[in-house]
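*Asks:* One file is attached below, start10.cif, containing mmCIF, C-alpha atoms.
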```
data_entry
loop_
_atom_site.label_atom_id
_atom_site.label_comp_id
_atom_site.auth_asym_id
_atom_site.auth_seq_id
_atom_site.Cartn_x
_atom_site.Cartn_y
_atom_site.Cartn_z
CA MET A 1 0.00 0.00 0.00
CA HIS A 2 1.25 3.48 -0.88
CA THR A 3 1.82 5.80 2.09
CA LEU A 4 -0.66 8.31 0.65
CA ASP A 5 -3.49 5.90 -0.14
CA HIS A 6 -5.37 7.13 2.94
CA ILE A 7 -5.94 10.65 1.61
CA PHE A 8 -8.22 9.22 -1.09
CA LYS A 9 -11.51 9.07 0.80
CA ALA A 10 -14.83 7.49 -0.17
CA TYR A 11 -16.01 10.56 -2.07
CA ASP A 12 -13.07 12.95 -2.37
CA ILE A 13 -9.40 13.57 -1.55
CA ARG A 14 -8.31 15.30 1.67
CA GLY A 15 -4.92 15.66 3.31
CA LYS A 16 -2.56 17.90 5.25
CA VAL A 17 -0.94 20.55 3.11
CA GLY A 18 2.80 19.96 2.58
CA GLU A 19 2.92 16.64 4.45
CA GLU A 20 0.41 14.79 2.28
CA LEU A 21 -0.98 17.12 -0.36
CA THR A 22 1.60 18.94 -2.49
CA PRO A 23 1.47 20.76 -5.84
CA ASP A 24 3.33 17.88 -7.47
CA LEU A 25 0.80 15.33 -6.23
CA VAL A 26 -2.13 17.56 -7.25
CA CYS A 27 -0.60 17.84 -10.72
CA SER A 28 -0.30 14.04 -10.90
CA ILE A 29 -3.92 13.63 -9.82
CA GLY A 30 -4.89 16.06 -12.56
CA ARG A 31 -3.01 14.02 -15.14
CA ALA A 32 -4.59 10.76 -14.00
CA PHE A 33 -8.06 12.35 -13.94
CA ALA A 34 -7.57 13.70 -17.46
CA ASP A 35 -6.65 10.22 -18.70
CA TRP A 36 -9.50 8.52 -16.83
CA LEU A 37 -12.39 10.76 -17.87
CA PRO A 38 -14.61 8.73 -20.19
CA HIS A 39 -15.56 11.61 -22.50
CA GLU A 40 -13.56 14.03 -24.61
CA GLY A 41 -13.79 17.72 -23.83
CA ALA A 42 -12.74 20.44 -21.45
CA VAL A 43 -12.56 20.21 -17.65
CA ALA A 44 -13.86 22.96 -15.34
CA VAL A 45 -11.64 23.85 -12.37
CA GLY A 46 -12.62 25.94 -9.34
CA HIS A 47 -11.17 26.51 -5.88
CA ASP A 48 -12.03 27.84 -2.44
CA MET A 49 -10.40 30.52 -0.26
CA ARG A 50 -7.85 28.36 1.59
CA PRO A 51 -4.28 29.72 1.66
CA ASP A 52 -2.99 27.02 -0.74
CA SER A 53 -6.03 26.59 -2.96
CA THR A 54 -4.95 28.98 -5.73
CA GLU A 55 -1.58 27.21 -6.02
CA PHE A 56 -3.23 23.80 -6.01
CA ALA A 57 -5.73 24.89 -8.67
CA GLY A 58 -2.79 25.98 -10.82
CA ALA A 59 -1.11 22.61 -10.33
CA MET A 60 -4.34 20.81 -11.22
CA ILE A 61 -4.72 22.89 -14.38
CA ASP A 62 -1.12 22.08 -15.35
CA GLY A 63 -1.76 18.36 -14.90
CA LEU A 64 -4.94 18.41 -16.97
CA ARG A 65 -3.28 20.39 -19.75
CA GLN A 66 -0.26 18.07 -19.84
CA GLN A 67 -2.64 15.27 -20.79
CA GLY A 68 -4.21 17.30 -23.57
CA ARG A 69 -7.30 18.52 -21.75
CA ASP A 70 -8.56 22.06 -22.30
CA VAL A 71 -9.44 23.74 -19.01
CA ILE A 72 -12.17 26.20 -18.08
CA ASP A 73 -10.85 28.09 -15.03
CA ILE A 74 -13.91 29.35 -13.11
CA GLY A 75 -11.83 30.77 -10.26
CA GLN A 76 -12.91 31.11 -6.65
CA VAL A 77 -16.35 29.51 -6.22
CA THR A 78 -18.54 27.42 -3.93
CA SER A 79 -18.43 23.66 -4.47
CA ASP A 80 -21.98 23.51 -5.83
CA MET A 81 -20.91 25.92 -8.58
CA ILE A 82 -18.49 23.34 -10.03
CA TYR A 83 -21.43 21.02 -10.63
CA PHE A 84 -23.33 23.86 -12.30
CA ALA A 85 -20.32 24.68 -14.45
CA VAL A 86 -19.89 21.10 -15.64
CA GLY A 87 -23.60 20.66 -16.36
CA SER A 88 -24.31 24.03 -17.97
CA LEU A 89 -21.11 24.20 -20.03
CA GLY A 90 -21.23 20.58 -21.15
CA ALA A 91 -17.77 19.89 -19.74
CA ALA A 92 -16.23 16.43 -19.64
CA GLY A 93 -15.55 16.79 -15.91
CA GLY A 94 -14.95 19.14 -13.04
CA VAL A 95 -12.48 19.69 -10.20
CA MET A 96 -12.99 21.67 -7.00
CA ILE A 97 -10.01 22.39 -4.77
CA THR A 98 -11.42 22.41 -1.24
CA ALA A 99 -11.45 20.56 2.06
CA SER A 100 -14.93 21.85 2.94
CA HIS A 101 -15.02 22.57 6.70
CA ASN A 102 -11.74 20.80 7.59
CA PRO A 103 -9.15 22.87 9.48
CA GLY A 104 -7.10 25.43 7.54
CA LYS A 105 -4.00 23.22 7.46
CA ASP A 106 -5.94 20.72 5.32
CA ASN A 107 -6.94 20.86 1.69
CA GLY A 108 -8.54 18.53 -0.79
CA ILE A 109 -10.03 17.79 -4.19
CA LYS A 110 -13.58 16.98 -5.29
CA LEU A 111 -13.97 15.40 -8.72
CA CYS A 112 -16.95 14.87 -11.00
CA ARG A 113 -17.40 13.64 -14.54
CA GLU A 114 -19.80 14.73 -17.29
CA GLU A 115 -23.22 16.05 -16.18
CA ALA A 116 -21.77 16.44 -12.67
CA LYS A 117 -21.80 12.68 -12.06
CA PRO A 118 -19.84 11.88 -8.87
CA VAL A 119 -16.39 10.29 -8.84
CA GLY A 120 -15.81 8.24 -5.68
CA LEU A 121 -13.67 5.24 -4.75
CA GLU A 122 -16.27 2.89 -6.19
CA ALA A 123 -16.70 5.01 -9.33
CA GLY A 124 -13.24 5.83 -10.67
CA LEU A 125 -11.36 7.45 -7.80
CA ALA A 126 -9.49 4.24 -6.89
CA GLU A 127 -8.17 3.99 -10.45
CA ILE A 128 -7.23 7.69 -10.46
CA ARG A 129 -5.46 7.15 -7.11
CA ASP A 130 -3.43 4.22 -8.39
CA LYS A 131 -2.41 5.92 -11.64
CA SER A 132 -1.48 9.21 -9.97
CA LEU A 133 0.58 7.61 -7.19
CA ALA A 134 2.39 5.35 -9.69
CA SER A 135 2.88 8.22 -12.19
CA GLU A 136 1.34 6.15 -14.99
CA PHE A 137 0.05 8.52 -17.65
CA LYS A 138 -0.75 8.36 -21.35
CA ASP A 139 1.73 9.84 -23.83
CA VAL A 140 0.27 13.09 -25.17
CA SER A 141 1.93 15.34 -27.76
CA VAL A 142 -0.27 18.45 -27.58
CA HIS A 143 -1.06 20.26 -24.36
CA GLY A 144 -4.52 21.64 -23.66
CA LYS A 145 -5.44 25.31 -23.49
CA VAL A 146 -6.89 27.23 -20.56
CA SER A 147 -9.62 29.86 -20.61
CA LYS A 148 -11.15 31.82 -17.75
CA GLN A 149 -14.91 32.12 -17.27
CA ASP A 150 -17.04 33.84 -14.62
CA ILE A 151 -20.18 31.75 -14.09
CA THR A 152 -21.53 33.69 -11.09
CA GLU A 153 -24.37 35.48 -12.88
CA GLY A 154 -25.52 32.26 -14.53
CA TRP A 155 -25.36 30.47 -11.18
CA ILE A 156 -27.55 33.04 -9.42
CA ASP A 157 -30.08 32.85 -12.26
CA HIS A 158 -30.06 29.07 -11.90
CA VAL A 159 -30.63 29.22 -8.12
CA LEU A 160 -33.59 31.57 -8.58
CA SER A 161 -35.09 29.34 -11.29
CA PHE A 162 -36.28 26.98 -8.55
CA ILE A 163 -38.73 29.57 -7.18
CA ASP A 164 -40.86 32.52 -8.31
CA ALA A 165 -38.77 35.34 -6.86
CA SER A 166 -41.57 37.86 -7.44
CA LYS A 167 -43.54 36.16 -4.64
CA LEU A 168 -40.80 36.63 -2.02
CA THR A 169 -41.59 39.04 0.80
CA SER A 170 -39.30 41.13 2.97
CA LEU A 171 -37.40 39.27 5.67
CA LYS A 172 -34.71 40.29 8.14
CA LEU A 173 -32.06 37.56 8.17
CA ALA A 174 -28.60 36.97 9.55
CA VAL A 175 -26.30 34.96 7.29
CA ASP A 176 -23.12 33.34 8.68
CA ALA A 177 -20.66 32.42 5.94
CA GLY A 178 -18.08 31.15 8.45
CA ASN A 179 -15.30 32.98 6.52
CA GLY A 180 -15.98 30.48 3.73
CA MET A 181 -16.92 30.74 0.08
CA ALA A 182 -20.54 31.76 0.72
CA GLY A 183 -19.07 35.10 1.80
CA LYS A 184 -18.18 35.78 -1.83
CA ILE A 185 -21.22 34.31 -3.56
CA PHE A 186 -24.16 35.18 -1.28
CA PRO A 187 -23.78 38.95 -1.85
CA GLU A 188 -24.33 38.25 -5.55
CA LEU A 189 -27.82 36.94 -4.67
CA GLU A 190 -28.80 39.83 -2.42
CA PRO A 191 -29.84 42.34 -5.15
CA TYR A 192 -32.44 39.85 -6.41
CA VAL A 193 -34.23 39.09 -3.13
CA PRO A 194 -36.18 41.44 -0.80
CA TRP A 195 -34.26 40.42 2.27
CA GLU A 196 -32.42 42.67 4.71
CA ILE A 197 -29.22 40.74 5.40
CA SER A 198 -26.96 40.99 8.43
CA GLU A 199 -23.70 39.60 7.05
CA MET A 200 -21.55 37.63 9.48
CA TYR A 201 -18.00 36.45 8.80
CA PHE A 202 -18.19 37.13 5.05
CA GLU A 203 -14.44 37.89 4.91
CA LEU A 204 -12.75 35.06 3.05
CA ASP A 205 -10.24 33.40 5.38
CA GLY A 206 -9.33 29.76 4.96
CA THR A 207 -7.87 29.59 8.47
CA PHE A 208 -11.43 29.99 9.87
CA PRO A 209 -10.55 32.49 12.63
CA ASN A 210 -14.05 32.79 14.14
CA HIS A 211 -15.41 29.25 14.27
CA GLU A 212 -15.33 25.95 12.41
CA ALA A 213 -17.41 26.37 9.26
CA ASN A 214 -19.55 23.30 9.89
CA PRO A 215 -23.18 24.14 10.70
CA LEU A 216 -23.91 20.48 11.40
CA LYS A 217 -22.12 21.16 14.70
CA PHE A 218 -24.75 23.36 16.28
CA GLU A 219 -22.23 24.84 18.74
CA THR A 220 -20.71 26.75 15.79
CA LEU A 221 -23.98 28.68 15.42
CA ALA A 222 -23.79 30.53 18.77
CA ASP A 223 -22.94 33.95 17.29
CA LEU A 224 -25.59 33.62 14.60
CA ILE A 225 -28.27 32.61 17.10
CA LYS A 226 -27.35 35.53 19.39
CA ASN A 227 -27.65 37.94 16.45
CA ILE A 228 -31.09 36.58 15.55
CA ARG A 229 -32.39 36.78 19.11
CA ASP A 230 -30.83 40.13 20.07
CA ASN A 231 -32.09 41.88 16.93
CA LYS A 232 -35.44 40.06 16.71
CA LEU A 233 -34.73 38.84 13.17
CA ASP A 234 -36.96 36.55 11.13
CA GLY A 235 -34.27 33.88 11.06
CA GLY A 236 -30.85 33.05 9.72
CA MET A 237 -28.75 30.91 7.45
CA ALA A 238 -25.39 29.21 8.09
CA PHE A 239 -23.06 27.79 5.44
CA ASP A 240 -20.17 25.36 5.61
CA GLY A 241 -16.67 26.21 4.39
CA ASP A 242 -17.10 25.44 0.70
CA GLY A 243 -20.68 26.70 0.60
CA ASP A 244 -22.46 23.55 -0.57
CA ARG A 245 -24.33 23.01 2.72
CA ALA A 246 -26.66 25.44 4.44
CA PHE A 247 -28.92 25.27 7.47
CA LEU A 248 -31.83 27.58 8.25
CA ILE A 249 -32.30 28.83 11.81
CA ASP A 250 -35.71 30.07 12.95
CA GLU A 251 -36.57 33.35 14.68
CA THR A 252 -36.25 31.72 18.12
CA GLY A 253 -32.70 30.54 17.38
CA VAL A 254 -33.53 26.87 16.77
CA VAL A 255 -32.10 25.01 13.77
CA LEU A 256 -34.27 23.51 11.06
CA THR A 257 -32.54 20.13 10.93
CA GLY A 258 -31.67 18.18 7.82
CA GLY A 259 -34.74 16.05 8.51
CA VAL A 260 -37.05 19.06 8.72
CA MET A 261 -35.59 20.52 5.53
CA SER A 262 -35.78 17.17 3.72
CA ALA A 263 -39.48 16.80 4.61
CA MET A 264 -40.32 20.39 3.69
CA LEU A 265 -38.46 20.32 0.38
CA GLY A 266 -39.85 16.88 -0.41
CA GLU A 267 -43.38 18.24 -0.04
CA TYR A 268 -42.50 21.27 -2.17
CA PHE A 269 -41.29 19.11 -5.05
CA LEU A 270 -44.31 16.83 -4.78
CA GLU A 271 -46.50 19.88 -5.32
CA LYS A 272 -44.50 20.66 -8.46
CA PHE A 273 -44.21 17.04 -9.63
CA PRO A 274 -47.18 15.09 -8.17
CA GLY A 275 -46.67 11.41 -7.49
CA SER A 276 -42.88 11.58 -7.76
CA ASN A 277 -40.27 9.52 -5.98
CA ILE A 278 -38.38 11.39 -3.25
CA VAL A 279 -35.04 10.00 -2.01
CA TYR A 280 -33.85 10.16 1.61
CA ASP A 281 -30.87 8.60 3.39
CA ALA A 282 -30.98 5.77 5.93
CA ARG A 283 -30.19 8.03 8.90
CA ASN A 284 -32.75 10.72 8.01
CA SER A 285 -35.80 11.46 10.14
CA HIS A 286 -38.76 9.16 9.65
CA SER A 287 -40.76 12.37 9.31
CA VAL A 288 -39.46 12.45 5.73
CA PRO A 289 -41.09 9.28 4.38
CA GLU A 290 -44.24 10.08 6.38
CA VAL A 291 -44.56 13.52 4.77
CA VAL A 292 -43.72 12.15 1.32
CA GLU A 293 -46.30 9.35 1.51
CA ALA A 294 -48.95 11.70 2.97
CA ASN A 295 -48.50 13.97 -0.04
CA GLY A 296 -48.92 11.23 -2.62
CA GLY A 297 -45.26 10.55 -3.31
CA THR A 298 -43.10 7.48 -2.93
CA ALA A 299 -40.26 7.65 -0.39
CA VAL A 300 -37.15 5.83 -1.62
CA ILE A 301 -34.44 5.05 0.92
CA SER A 302 -30.73 5.19 0.03
CA ARG A 303 -27.44 4.47 1.72
CA VAL A 304 -25.68 7.54 3.09
CA GLY A 305 -23.30 9.37 0.73
CA HIS A 306 -23.62 11.84 -2.10
CA SER A 307 -22.65 9.48 -4.92
CA LEU A 308 -25.18 6.91 -3.67
CA ILE A 309 -27.96 9.48 -3.30
CA LYS A 310 -27.35 10.85 -6.80
CA GLN A 311 -27.28 7.36 -8.29
CA LYS A 312 -30.55 6.41 -6.58
CA MET A 313 -32.22 9.66 -7.67
CA ALA A 314 -31.25 9.04 -11.29
CA GLU A 315 -32.51 5.44 -11.08
CA VAL A 316 -35.96 6.45 -9.86
CA ASP A 317 -36.14 9.88 -11.59
CA ALA A 318 -36.56 11.74 -8.29
CA PRO A 319 -36.81 15.55 -8.43
CA PHE A 320 -35.35 15.83 -4.90
CA GLY A 321 -33.19 13.95 -2.44
CA GLY A 322 -32.32 14.92 1.13
CA GLU A 323 -29.70 13.86 3.65
CA ALA A 324 -29.78 14.36 7.40
CA SER A 325 -26.36 16.04 7.09
CA GLY A 326 -27.88 19.02 5.24
CA HIS A 327 -26.97 17.99 1.70
CA PHE A 328 -29.95 18.56 -0.60
CA TYR A 329 -29.99 17.27 -4.17
CA PHE A 330 -32.03 18.42 -7.15
CA ARG A 331 -32.81 16.68 -10.43
CA ASP A 332 -32.82 20.03 -12.24
CA ASN A 333 -29.35 20.68 -10.85
CA TRP A 334 -27.90 17.58 -12.54
CA TYR A 335 -28.88 15.60 -9.42
CA ALA A 336 -26.18 17.52 -7.55
CA ASP A 337 -26.47 19.12 -4.12
CA SER A 338 -26.61 22.80 -3.26
CA GLY A 339 -26.98 24.48 0.11
CA LEU A 340 -27.99 27.79 -1.45
CA ILE A 341 -30.77 26.29 -3.57
CA GLY A 342 -32.11 24.40 -0.54
CA ALA A 343 -32.07 27.45 1.73
CA VAL A 344 -33.68 29.73 -0.87
CA ILE A 345 -36.50 27.22 -1.46
CA GLY A 346 -36.96 26.83 2.29
CA LEU A 347 -37.46 30.57 2.79
CA TYR A 348 -39.73 30.65 -0.26
CA VAL A 349 -41.94 27.91 1.20
CA ALA A 350 -42.24 29.81 4.48
CA THR A 351 -43.23 32.93 2.52
CA LEU A 352 -45.86 31.11 0.46
CA GLN A 353 -47.37 29.53 3.57
CA GLY A 354 -47.29 32.82 5.49
CA LYS A 355 -45.62 31.10 8.42
CA LYS A 356 -42.69 31.83 10.69
CA LEU A 357 -39.74 29.48 10.39
CA SER A 358 -40.48 28.12 13.87
CA GLN A 359 -43.97 27.11 12.71
CA ILE A 360 -42.45 25.38 9.69
CA ARG A 361 -39.98 23.57 11.98
CA GLU A 362 -42.73 22.38 14.31
CA GLU A 363 -44.91 21.23 11.41
CA TYR A 364 -42.24 18.88 10.08
CA THR A 365 -40.88 17.67 13.44
CA HIS A 366 -42.72 14.49 14.37
CA TYR A 367 -40.18 12.91 16.73
CA ALA A 368 -37.63 13.61 19.44
CA ALA A 369 -34.20 12.99 17.91
CA ILE A 370 -30.50 13.03 18.69
CA PRO A 371 -27.87 14.59 16.43
CA GLU A 372 -25.64 11.96 14.82
CA THR A 373 -23.36 10.71 17.61
CA ASN A 374 -19.97 9.06 17.00
CA PHE A 375 -18.43 6.30 19.11
CA VAL A 376 -14.81 5.13 18.80
CA VAL A 377 -14.79 1.32 18.90
CA ASP A 378 -12.12 -1.31 18.33
CA ASP A 379 -14.39 -3.82 16.55
CA LYS A 380 -17.21 -2.18 14.59
CA ASP A 381 -18.66 -5.47 13.32
CA ALA A 382 -18.81 -6.99 16.81
CA ALA A 383 -20.60 -3.94 18.19
CA ILE A 384 -23.19 -4.00 15.40
CA LYS A 385 -23.74 -7.72 15.99
CA ARG A 386 -24.34 -7.09 19.72
CA ILE A 387 -27.02 -4.53 18.84
CA SER A 388 -28.63 -6.79 16.26
CA VAL A 389 -28.80 -9.72 18.69
CA ALA A 390 -30.11 -7.57 21.56
CA PHE A 391 -33.03 -6.40 19.42
CA LYS A 392 -33.52 -9.63 17.46
CA ASP A 393 -37.29 -9.57 17.98
CA ASN A 394 -37.64 -6.20 16.25
CA GLU A 395 -37.80 -5.30 12.55
CA GLN A 396 -34.25 -4.84 11.18
CA ASP A 397 -32.63 -3.97 7.89
CA THR A 398 -28.97 -3.83 6.86
CA LEU A 399 -29.05 -1.39 3.93
CA ASP A 400 -26.54 0.88 5.69
CA GLY A 401 -25.18 -0.55 8.95
CA VAL A 402 -28.21 -1.79 10.87
CA THR A 403 -31.53 0.00 11.28
CA ILE A 404 -33.94 -1.30 13.93
CA ASN A 405 -37.58 -0.21 13.95
CA PHE A 406 -39.66 -0.63 17.11
CA ALA A 407 -43.40 -1.07 17.50
CA ASP A 408 -43.74 2.32 19.23
CA LYS A 409 -42.32 4.09 16.11
CA SER A 410 -38.92 4.70 17.66
CA TRP A 411 -35.89 3.58 15.64
CA ILE A 412 -32.11 3.50 15.62
CA ASN A 413 -29.50 3.36 12.89
CA VAL A 414 -25.93 2.34 13.68
CA ARG A 415 -23.50 2.41 10.76
CA PRO A 416 -19.73 2.14 10.49
CA SER A 417 -17.46 4.88 9.20
CA ASN A 418 -15.72 4.03 5.93
CA THR A 419 -12.39 5.45 7.11
CA GLU A 420 -12.26 5.37 10.93
CA SER A 421 -12.84 3.00 13.85
CA VAL A 422 -16.08 4.84 14.49
CA LEU A 423 -19.74 3.89 14.70
CA ARG A 424 -22.35 6.56 14.01
CA LEU A 425 -25.65 6.47 15.89
CA ASN A 426 -28.91 8.12 14.86
CA ALA A 427 -32.14 7.65 16.77
CA GLU A 428 -35.70 8.97 17.09
CA ALA A 429 -38.60 8.31 19.46
CA MET A 430 -42.05 9.75 20.13
CA THR A 431 -40.98 11.45 23.38
CA GLN A 432 -37.73 12.68 24.89
CA PRO A 433 -37.80 10.24 27.85
CA GLU A 434 -38.30 7.31 25.46
CA LEU A 435 -35.45 8.57 23.31
CA ASP A 436 -33.14 8.98 26.30
CA ALA A 437 -33.83 5.44 27.50
CA LEU A 438 -33.27 3.97 24.03
CA VAL A 439 -30.01 5.87 23.47
CA THR A 440 -28.71 4.82 26.89
CA LYS A 441 -29.34 1.17 26.09
CA VAL A 442 -27.77 1.34 22.63
CA THR A 443 -24.75 3.24 23.95
CA GLN A 444 -24.09 0.47 26.46
CA LEU A 445 -24.29 -2.13 23.67
CA ILE A 446 -21.90 -0.16 21.46
CA GLN A 447 -19.38 0.24 24.24
CA GLY A 448 -19.63 -3.45 25.13
#
```
Could you express the structure from this file as structure tokens?
*Replies:*
Amino acid sequence: MHTLDHIFKAYDIRGKVGEELTPDLVCSIGRAFADWLPHEGAVAVGHDMRPDSTEFAGAMIDGLRQQGRDVIDIGQVTSDMIYFAVGSLGAAGGVMITASHNPGKDNGIKLCREEAKPVGLEAGLAEIRDKSLASEFKDVSVHGKVSKQDITEGWIDHVLSFIDASKLTSLKLAVDAGNGMAGKIFPELEPYVPWEISEMYFELDGTFPNHEANPLKFETLADLIKNIRDNKLDGGMAFDGDGDRAFLIDETGVVLTGGVMSAMLGEYFLEKFPGSNIVYDARNSHSVPEVVEANGGTAVISRVGHSLIKQKMAEVDAPFGGEASGHFYFRDNWYADSGLIGAVIGLYVATLQGKKLSQIREEYTHYAAIPETNFVVDDKDAAIKRISVAFKDNEQDTLDGVTINFADKSWINVRPSNTESVLRLNAEAMTQPELDALVTKVTQLIQG
């Protein structure tokens, strides 16, 4: 095994700058990606605001060009914009230099092929890894050319195409960009929406000086929540580092979880496309399939992970897919995810219904739930077996780890990490005391 195999993750590449990820390696990955791509044509390349991202983007462009690929350099963008670039420009593939919300000393690479189709370990990334680390490239006589293109205006038009912006009403909102890429792109949306925005941490800084740019960790939202409460705002929005995830926060300072958003957006797309399939991941709230079925749709469960969600959506022609982690996917966005599109639709739904965000949250919250909780374990398989045996008399499925459904509508999902000695627990129950008792029991089983 090569010493750098571990930086090639299930869905992307991430490593420590200098120690693991260097310009030379990025160039080699670019060369291998250029050779691997199944279609001829140009490759779009974008990057985030991290200190090394511009240099790495240059190295990636060099690698692609060495293998004869023309490059469309779209500059500093959010990750969801690379998918838009590939889809709208008809590119053969796309590359985003980013490590999302990882610490500033890290960086990474997200890859996609034509029509923004994902490239993960099970769909090409393993081959790209092996070729890049072994420096095995095709002989090419003519280098590709590079052109620069600003896709921001087209992207904002695309985001707004999911709603009727003329029906939006005035809102007072705080938006926390976490010093990430949303700080550059969100201001481009502001002239087109009737919202009064309190901008927080919009200065681009890949060292993340104020807080980790990961809104899935609710403790990172403290400043945003204080702003909403102190100034009696209508709500807020928080983005992750590369801007492809966003959470809404209501006027009381409570987060609309990935489950709430998935249910709300699922209902919205069923109104637009009656009778459709809606995809949700195995750890998502059971409110999601309940809302989908109640609105005449078919809820289709998927394993966790963006490449798996996109694949399932394409298989069943779903207009929307939602993950508990806050990734929201749209058929009319080449099945790719976008935090901005999800947040804009969420605020639009609240406007159309004439409700506060807290009322929306309550409407789609059917259960008491825990946030995904990680446990470090030595033997993941043994721990899952203990849980399965302990609840052998209950309905179980093994689509993703093990999910156990109980007669009282409570449920648990325990699934192993692909890359760490970690088990991830999700659980819901009808009441908080029932949830607490269930989680206590499962925790004891996990810890042996």
*Asks:* Give me, as CSV, the closest atom pair and its distance (Å, one decimal) for every residue of range 353-391 of chain A within a cut-off of 12 Å of range 162-173 of chain A, counting all atoms listed in the file, rows sorted by chain and rising number.
*Replies:*
```
residue,atom,partner,partner_atom,distance
A:Gln353,CA,A:Leu168,CA,11.2
A:Gly354,CA,A:Thr169,CA,9.7
A:Lys355,CA,A:Thr169,CA,11.7
A:Lys356,CA,A:Leu171,CA,10.4
A:Leu357,CA,A:Leu171,CA,11.1
```
*Asks:* Suppose a student applies the PyMOL selection byres ((chain A and resi 407) around 12) to this structure; what residues should they get, written as a PyMOL selection string?
*Replies:* chain A and resi 391+393-396+404-406+408-411+429-430
*Asks:* Find the residue from A:Met261, A:Met181, A:Ala10, A:Val146 that sits nearest to Glu362 in chain A; use all atoms listed in the file when measuring.
*Replies:*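 Distance minimum relative to Glu362 in chain A lands on A:Met261.
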*Asks:* Tell me which residues the PyMOL selection byres ((chain A and resi 180) around 9) grabs here, as a PyMOL selection string.
*Replies:* chain A and resi 48-50+78+100-101+177-179+181-184+201-206+208+213+239-243
*Asks:* Can you work out the spacing between CA of Lys110 in chain A and CA of Leu248 in chain A in Å, to one decimal?
*Replies:*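 The value is 25.1 Å.
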*Asks:* Could you tell me how far CA of Asn374 in chain A lies from CA of Glu251 in chain A, in Å and to one decimal?
*Replies:*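 CA of Glu251 in chain A lies at a distance of 29.5 Å from CA of Asn374 in chain A.
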*Asks:* Every residue with an atom at most 12 Å from (-18.1, 34.6, -12.9) (file coordinates; all atoms listed in the file) is what I'm after, so could you write them as a VMD selection string?
*Replies:* chain A and resid 46 72 to 78 81 to 82 84 to 85 148 to 156 184 to 185 188
*Asks:* Would you write out those residues with C-alpha atoms, as a PDB file, in the frame of the given file?
*Replies:*
```
ATOM      1  CA  GLY A  46     -12.620  25.940  -9.340  1.00  0.00           C
ATOM      2  CA  ILE A  72     -12.170  26.200 -18.080  1.00  0.00           C
ATOM      3  CA  ASP A  73     -10.850  28.090 -15.030  1.00  0.00           C
ATOM      4  CA  ILE A  74     -13.910  29.350 -13.110  1.00  0.00           C
ATOM      5  CA  GLY A  75     -11.830  30.770 -10.260  1.00  0.00           C
ATOM      6  CA  GLN A  76     -12.910  31.110  -6.650  1.00  0.00           C
ATOM      7  CA  VAL A  77     -16.350  29.510  -6.220  1.00  0.00           C
ATOM      8  CA  THR A  78     -18.540  27.420  -3.930  1.00  0.00           C
ATOM      9  CA  MET A  81     -20.910  25.920  -8.580  1.00  0.00           C
ATOM     10  CA  ILE A  82     -18.490  23.340 -10.030  1.00  0.00           C
ATOM     11  CA  PHE A  84     -23.330  23.860 -12.300  1.00  0.00           C
ATOM     12  CA  ALA A  85     -20.320  24.680 -14.450  1.00  0.00           C
ATOM     13  CA  LYS A 148     -11.150  31.820 -17.750  1.00  0.00           C
ATOM     14  CA  GLN A 149     -14.910  32.120 -17.270  1.00  0.00           C
ATOM     15  CA  ASP A 150     -17.040  33.840 -14.620  1.00  0.00           C
ATOM     16  CA  ILE A 151     -20.180  31.750 -14.090  1.00  0.00           C
ATOM     17  CA  THR A 152     -21.530  33.690 -11.090  1.00  0.00           C
ATOM     18  CA  GLU A 153     -24.370  35.480 -12.880  1.00  0.00           C
ATOM     19  CA  GLY A 154     -25.520  32.260 -14.530  1.00  0.00           C
ATOM     20  CA  TRP A 155     -25.360  30.470 -11.180  1.00  0.00           C
ATOM     21  CA  ILE A 156     -27.550  33.040  -9.420  1.00  0.00           C
ATOM     22  CA  LYS A 184     -18.180  35.780  -1.830  1.00  0.00           C
ATOM     23  CA  ILE A 185     -21.220  34.310  -3.560  1.00  0.00           C
ATOM     24  CA  GLU A 188     -24.330  38.250  -5.550  1.00  0.00           C
TER      25      GLU A 188
END
```
*Asks:* Nearest residue to Leu438 in chain A out of A:Gly104, A:Ile412, A:Ala92, A:Ala126, using all atoms listed in the file?
*Replies:*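 Closest to Leu438 in chain A, using all atoms listed in the file: A:Ile412.
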*Asks:* Need the neighbours of (-9.0, 20.7, -2.3): which residues are at most 6 Å away, counting all atoms listed in the file, as a ChimeraX atom specification?
*Replies:* /A:97-99,107-109
*Asks:* Can you measure CA of Ala174 in chain A to CA of Gly253 in chain A for me? One decimal in Å is fine.
*Replies:* 10.9 Å
*Asks:* Convert the output of the PyMOL selection byres ((chain A and resi 13-19) around 6) on the shown file into explicit residues, formatted as a list in words.
*Replies:*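 On this input, the PyMOL selection byres ((chain A and resi 13-19) around 6) captures Ile7, Phe8, Lys9, Asp12, Glu20, Leu21, Thr22, Lys105, Asp106, Asn107, Gly108 and Ile109 of chain A.
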*Asks:* Restricting the calculation to all atoms listed in the file, which member of A:Leu224, A:Ile387, A:Ile61, A:Ala336 is positioned closest to Asp80 in chain A?
*Replies:*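 Distance minimum relative to Asp80 in chain A lands on A:Ala336.
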*Asks:* I need the residue nearest Tyr11 in chain A from this list: A:Ile345, A:Ala324, A:Val304, A:Val414. Use all atoms listed in the file for the distance.
*Replies:*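 Checking each candidate against Tyr11 in chain A, we get A:Val304 as the closest.
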*Asks:* Within 6 Å of Val422 in chain A, counting all atoms listed in the file, which residues qualify if same-chain residues fewer than 5 places away don't, as a list in words?
*Replies:*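 Here the answer would be Phe375, Val376, Val377 and Ser417 of chain A.
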*Asks:* Which residue gives the smallest distance to Arg331 in chain A among A:Asn277, A:Thr220, A:Ser285, A:Ser198, with only C-alpha atoms counted?
*Replies:*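 With only C-alpha atoms as the atom set, the closest residue is A:Asn277.
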